[in-house]
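Colleague: Mind looking over this structure? Questions follow.
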Amino acid sequence: MTISTTKKLAGIAGAALLVAALAGCGTAPEASPSTPGAEAPEVVEGFLPCLISDAGGWNDKSFNESAKNGMDMAAEELGVEPLEFESTNDNDYAPNMETAVSEGCTLIIAVGFKLAAATVEAATANPDLQFAIIDDYADGTTVDDEGNPVYDGAPDAPNIKPLVFNTAEAAYLGGYAAAAWSAQSGVNKVGTFGGMQIPSVAVFMDGYQLGVEKYNEDKGTDVQVFGWDTATQEGAFTGGFDANDTAKQTAQSVLDQGVDVILPVGGPIYQSAAAAIADGGTDTVMLGVDSDLAVADTSVTDVTLVSIMKAIDVAVHDATIAAAAGDFDPAPYVGTLENEGVKLSSFHDFESQLPDGLLDEIAALQASIIAGDITVESPNSP
């Protein structure tokens with residue numbers, strides 16, 4: 001896992017513009033076919049969009065909720081009533097998919113890799129319907145001669161559109177910020193843990209560690225990362241995405257290393273991290289994922305330094321609008337810093353406490369990644 005060296009730094013003016021971008025919500029990804037709030041297209045006859053959550057549910061303050069927001073926004077613009085199926089456990093995925101098909105859904109968007117098998121099965125059985133899936137290529141149901149799954153980046157059914165995100169790029173910026181925060185405090189230790197060890201989780205952790213390493217390289221510091229090793233792809237995981245005792249214990253095991261910044265990756269498990277921080281009575285802060293957590297859940301605003309965001313709402317919105325107009329395109333959408341599919345949120349109330357010059361440094365790094373002068377190399381990137 002290496003990072004190419006910075007060939008040139010962005011100019012001061014460019015950095016200033018990018019700092020402004022970091023502080024706001026940003027615009028729709030350039031690669032997307034529409035812009036939220038724009039005039040809606042004429043809807044093809046019989047169009048019925050549907051959304052199926054994973055077990056995290058619609059109120060996870062993370063990717064399920066973001067997907068629902070995108071679907072609801074598109075439906076309102078189109079003047080249609082979507083069907084939305086909330087899964088409460090893994091056993092709900094296939095039945096919810098079957099119900100969506102039987103109810104006449106013409107576009108079915110599945111939220112998360114856990115729905116890949118059900119999505120492929122339904123898409124294969126219903127080639128005239130359109131499907132999309134978040135955080136997965138739905139490309140693992142074919143097998144080789146020895147029975148091992150084959151992941152080739154191409155969905156196993158031609159009517160599935162992957163909506164995936166190169167989150168390592170934004171996490172790199174988050175890791176750099178985390179290292180700067182910990183170095184300023186003198187602790188020089190940051191941590192992370194995840195839900196399940198899958199690419200859409202590990203990609204955050206890869207970028208995070210690589211960003212810390214970049215800070216150490218630039219500043220001559222030795223900020224350590226606990227809970228993940230990009231080189232070995234080993235780290236701390238809860239085994240699921242529930243905010244339960246296991247998640248809290250996993251968070252505590254990382255906090256016990258003395259870190260003062262922690263990145264929980266996996267929807268609701270941030271609640272367990274926040275609870276562990278509160279129990280410890282320390283000044284430890286955490287990073288949010290997927291949504292701007294300081295805004296999405298004000299109960300953790302005071303401990304959320306910054307969030308590593310994915311524009312899931314925009315991707316779902318745009319895929320729905322395109323399908324409604326008869327322009328469904330199964331080509332994968334990949335969110336990046338360049339098309340604003342991934343980004344770093346505002347630091348909100350923590351901005352005044354940041355090390356001098358950090359926002360400019362992050363803006364310059366972002367510009368260098370977009371320009372291709374820095375490549376964030378994660379084996380988990382889409």
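We label chains A, B, ... in the order they appear in the structure tokens, count residues from 1 in each chain, and number ligands from 1 in the order shown.
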Check the DSSP output for the backbone and give back, as a VMD selection string, the residues of region 23-129 of chain A in alpha helix (DSSP H).
Modeller: chain A and resid 23 63 to 78 93 to 102 116 to 125
Colleague: Keeping only N, CA and C atoms, write the selected residues to a file as an mmCIF file, in the first residue's frame.
Modeller:
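The resulting file, part-v3.cif, is reproduced below:
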```cif
data_model
loop_
_atom_site.group_PDB
_atom_site.id
_atom_site.type_symbol
_atom_site.label_atom_id
_atom_site.label_comp_id
_atom_site.auth_asym_id
_atom_site.auth_seq_id
_atom_site.Cartn_x
_atom_site.Cartn_y
_atom_site.Cartn_z
ATOM 1 N N ALA A 23 -16.395 23.011 3.533
ATOM 2 C CA ALA A 23 -17.322 23.498 4.538
ATOM 3 C C ALA A 23 -18.778 23.333 4.139
ATOM 4 N N PHE A 63 -25.933 5.157 5.739
ATOM 5 C CA PHE A 63 -26.193 4.958 4.321
ATOM 6 C C PHE A 63 -27.634 4.577 3.996
ATOM 7 N N ASN A 64 -28.334 3.839 4.874
ATOM 8 C CA ASN A 64 -29.740 3.552 4.614
ATOM 9 C C ASN A 64 -30.568 4.840 4.599
ATOM 10 N N GLU A 65 -30.364 5.671 5.596
ATOM 11 C CA GLU A 65 -31.115 6.918 5.681
ATOM 12 C C GLU A 65 -30.783 7.841 4.516
ATOM 13 N N SER A 66 -29.510 7.872 4.137
ATOM 14 C CA SER A 66 -29.110 8.700 3.002
ATOM 15 C C SER A 66 -29.767 8.218 1.711
ATOM 16 N N ALA A 67 -29.812 6.903 1.523
ATOM 17 C CA ALA A 67 -30.460 6.347 0.335
ATOM 18 C C ALA A 67 -31.938 6.695 0.307
ATOM 19 N N LYS A 68 -32.595 6.589 1.447
ATOM 20 C CA LYS A 68 -34.021 6.924 1.523
ATOM 21 C C LYS A 68 -34.244 8.399 1.200
ATOM 22 N N ASN A 69 -33.375 9.257 1.712
ATOM 23 C CA ASN A 69 -33.504 10.687 1.410
ATOM 24 C C ASN A 69 -33.416 10.940 -0.093
ATOM 25 N N GLY A 70 -32.485 10.237 -0.752
ATOM 26 C CA GLY A 70 -32.336 10.402 -2.191
ATOM 27 C C GLY A 70 -33.547 9.912 -2.953
ATOM 28 N N MET A 71 -34.085 8.754 -2.547
ATOM 29 C CA MET A 71 -35.276 8.219 -3.193
ATOM 30 C C MET A 71 -36.475 9.139 -2.983
ATOM 31 N N ASP A 72 -36.652 9.616 -1.758
ATOM 32 C CA ASP A 72 -37.789 10.486 -1.458
ATOM 33 C C ASP A 72 -37.710 11.797 -2.238
ATOM 34 N N MET A 73 -36.497 12.328 -2.370
ATOM 35 C CA MET A 73 -36.309 13.561 -3.120
ATOM 36 C C MET A 73 -36.690 13.373 -4.586
ATOM 37 N N ALA A 74 -36.214 12.279 -5.178
ATOM 38 C CA ALA A 74 -36.517 11.999 -6.580
ATOM 39 C C ALA A 74 -38.006 11.761 -6.781
ATOM 40 N N ALA A 75 -38.617 11.000 -5.881
ATOM 41 C CA ALA A 75 -40.042 10.692 -6.009
ATOM 42 C C ALA A 75 -40.895 11.948 -5.936
ATOM 43 N N GLU A 76 -40.516 12.851 -5.038
ATOM 44 C CA GLU A 76 -41.262 14.107 -4.930
ATOM 45 C C GLU A 76 -41.157 14.924 -6.216
ATOM 46 N N GLU A 77 -39.960 14.979 -6.775
ATOM 47 C CA GLU A 77 -39.781 15.728 -8.023
ATOM 48 C C GLU A 77 -40.553 15.095 -9.175
ATOM 49 N N LEU A 78 -40.620 13.767 -9.169
ATOM 50 C CA LEU A 78 -41.272 13.042 -10.260
ATOM 51 C C LEU A 78 -42.785 12.953 -10.079
ATOM 52 N N TYR A 93 -34.091 -9.864 3.428
ATOM 53 C CA TYR A 93 -33.661 -9.362 2.122
ATOM 54 C C TYR A 93 -34.380 -10.050 0.964
ATOM 55 N N ALA A 94 -34.341 -11.363 0.918
ATOM 56 C CA ALA A 94 -34.969 -12.083 -0.185
ATOM 57 C C ALA A 94 -36.486 -11.884 -0.211
ATOM 58 N N PRO A 95 -37.192 -11.998 0.931
ATOM 59 C CA PRO A 95 -38.635 -11.742 0.906
ATOM 60 C C PRO A 95 -38.987 -10.317 0.469
ATOM 61 N N ASN A 96 -38.222 -9.331 0.948
ATOM 62 C CA ASN A 96 -38.492 -7.953 0.536
ATOM 63 C C ASN A 96 -38.273 -7.778 -0.966
ATOM 64 N N MET A 97 -37.244 -8.425 -1.495
ATOM 65 C CA MET A 97 -36.982 -8.348 -2.927
ATOM 66 C C MET A 97 -38.132 -9.002 -3.701
ATOM 67 N N GLU A 98 -38.593 -10.159 -3.233
ATOM 68 C CA GLU A 98 -39.704 -10.846 -3.900
ATOM 69 C C GLU A 98 -40.971 -10.000 -3.864
ATOM 70 N N THR A 99 -41.193 -9.332 -2.742
ATOM 71 C CA THR A 99 -42.380 -8.474 -2.635
ATOM 72 C C THR A 99 -42.273 -7.286 -3.569
ATOM 73 N N ALA A 100 -41.095 -6.695 -3.664
ATOM 74 C CA ALA A 100 -40.902 -5.561 -4.567
ATOM 75 C C ALA A 100 -41.216 -5.944 -6.007
ATOM 76 N N VAL A 101 -40.788 -7.122 -6.401
ATOM 77 C CA VAL A 101 -41.063 -7.591 -7.760
ATOM 78 C C VAL A 101 -42.562 -7.838 -7.941
ATOM 79 N N SER A 102 -43.174 -8.484 -6.967
ATOM 80 C CA SER A 102 -44.596 -8.819 -7.092
ATOM 81 C C SER A 102 -45.489 -7.591 -7.044
ATOM 82 N N ALA A 116 -26.739 -8.333 -2.165
ATOM 83 C CA ALA A 116 -26.218 -8.678 -3.487
ATOM 84 C C ALA A 116 -26.826 -9.970 -4.022
ATOM 85 N N ALA A 117 -26.863 -11.009 -3.211
ATOM 86 C CA ALA A 117 -27.372 -12.295 -3.690
ATOM 87 C C ALA A 117 -28.835 -12.189 -4.093
ATOM 88 N N ALA A 118 -29.633 -11.525 -3.250
ATOM 89 C CA ALA A 118 -31.050 -11.365 -3.568
ATOM 90 C C ALA A 118 -31.243 -10.501 -4.809
ATOM 91 N N THR A 119 -30.378 -9.492 -4.968
ATOM 92 C CA THR A 119 -30.480 -8.610 -6.130
ATOM 93 C C THR A 119 -30.153 -9.358 -7.412
ATOM 94 N N VAL A 120 -29.072 -10.124 -7.391
ATOM 95 C CA VAL A 120 -28.686 -10.882 -8.583
ATOM 96 C C VAL A 120 -29.761 -11.901 -8.949
ATOM 97 N N GLU A 121 -30.282 -12.588 -7.949
ATOM 98 C CA GLU A 121 -31.316 -13.589 -8.222
ATOM 99 C C GLU A 121 -32.554 -12.959 -8.852
ATOM 100 N N ALA A 122 -32.988 -11.822 -8.289
ATOM 101 C CA ALA A 122 -34.176 -11.158 -8.822
ATOM 102 C C ALA A 122 -33.919 -10.572 -10.204
ATOM 103 N N ALA A 123 -32.729 -9.992 -10.392
ATOM 104 C CA ALA A 123 -32.410 -9.393 -11.687
ATOM 105 C C ALA A 123 -32.306 -10.443 -12.775
ATOM 106 N N THR A 124 -31.756 -11.595 -12.432
ATOM 107 C CA THR A 124 -31.627 -12.685 -13.396
ATOM 108 C C THR A 124 -33.007 -13.231 -13.790
ATOM 109 N N ALA A 125 -33.891 -13.326 -12.807
ATOM 110 C CA ALA A 125 -35.233 -13.865 -13.061
ATOM 111 C C ALA A 125 -36.155 -12.857 -13.724
#
```
Colleague: When you look at Pro82 (chain A) with a cut-off of 7 Å (counting only C-alpha atoms), what residues show up, excluding the ones that are within fewer than 4 positions of it in the same chain? I need them as a PyMOL selection string.
Modeller: chain A and resi 48-50+75
Colleague: Could you jot down the CA of Leu173 (chain A) to CA of Asp60 (chain A) separation for me, Å, one decimal place?
Modeller: 24.0 Å
Colleague: Could you pull out the strand (DSSP E or B) residues of region 31-73 of chain A from DSSP and send them as a PyMOL selection string?
Modeller: chain A and resi 49-52
Colleague: Might you pull out every residue within 9 Å of region 265-276 of chain A, with only C-alpha atoms counted and same-chain residues fewer than 6 positions away left off, and present them as a ChimeraX atom specification?
Modeller: /A:56,60-64,192-196,201-202,204-205,238,240-252,255,285-290,300,303-304
Colleague: Name all residues at most 10 Å from Lys189 (chain A) (count only C-alpha atoms; drop same-chain ones fewer than 3 positions away) and give them as a list in words.
Modeller: Ala178, Ala179, Trp181, Ser182, Ala183, Ser185, Gly186, Val212, Asp222, Val223, Gln224, Val225, Phe226, Leu255, Gln257, Gly258, Val259, Asp260, Val261 and Ile262 of chain A
Colleague: CA of Val111 (chain A) and CA of Ile312 (chain A), how far apart in Å?
Modeller: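 Taking CA of Ile312 (chain A) as the start and CA of Val111 (chain A) as the end point, the length is 9.6 Å.
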Colleague: So which one's closest to Asp135 (chain A), A:Thr106, A:Asn166, A:Asn159, A:Ser299? Using only C-alpha atoms, please.
Modeller: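 Counting only C-alpha atoms, the residue closest to Asp135 (chain A) is A:Asn166.
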Colleague: Hey, what's within 9 Å of Ala132 (chain A) if we count only C-alpha atoms and toss same-chain stuff fewer than 2 positions away? As a count of residues only, please?
Modeller: 16
Colleague: Taking only C-alpha atoms into account, produce a table as CSV in which each residue of region 190-278 of chain A with an atom at most 10 Å from an atom of region 344-365 of chain A appears once, together with its shortest atom pair and the distance in Å to one decimal, ordered by chain and rising number.
Modeller:
```
residue,atom,partner,partner_atom,distance
A:Gly211,CA,A:Leu365,CA,9.8
A:Lys214,CA,A:Leu365,CA,9.8
A:Tyr215,CA,A:Glu361,CA,9.9
```
Colleague: From the set A:Ala315, A:Ile52, A:Val254, A:Val44, which residue has the shortest atom-to-atom contact distance to Trp228 (chain A), counting only C-alpha atoms?
Modeller: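 Among A:Ala315, A:Ile52, A:Val254, A:Val44, it is A:Val254 that comes nearest to Trp228 (chain A).
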Colleague: For Tyr172 (chain A), which residue among A:Ala231, A:Val295, A:Leu337, A:Leu115 is the nearest when counting only C-alpha atoms?
Modeller: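 When distances to Tyr172 (chain A) are compared using only C-alpha atoms, the smallest one comes from A:Leu337.
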Colleague: What's the separation between CA of Asp256 (chain A) and CA of Pro379 (chain A), in Å to one decimal place?
Modeller: 28.3 Å
Colleague: Taking only C-alpha atoms into account, name the residue in A:Gly104, A:Val187, A:Gln197, A:Asn126 that is nearest to Asp283 (chain A).
Modeller: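 The shortest atom-to-atom distance to Asp283 (chain A) comes from A:Val187.
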Colleague: Taking only C-alpha atoms into account, name the residue in A:Glu169, A:Glu213, A:Glu340, A:Asp302 that is nearest to Val314 (chain A).
Modeller: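 Once distances to Val314 (chain A) are computed over only C-alpha atoms, the minimum belongs to A:Glu340.
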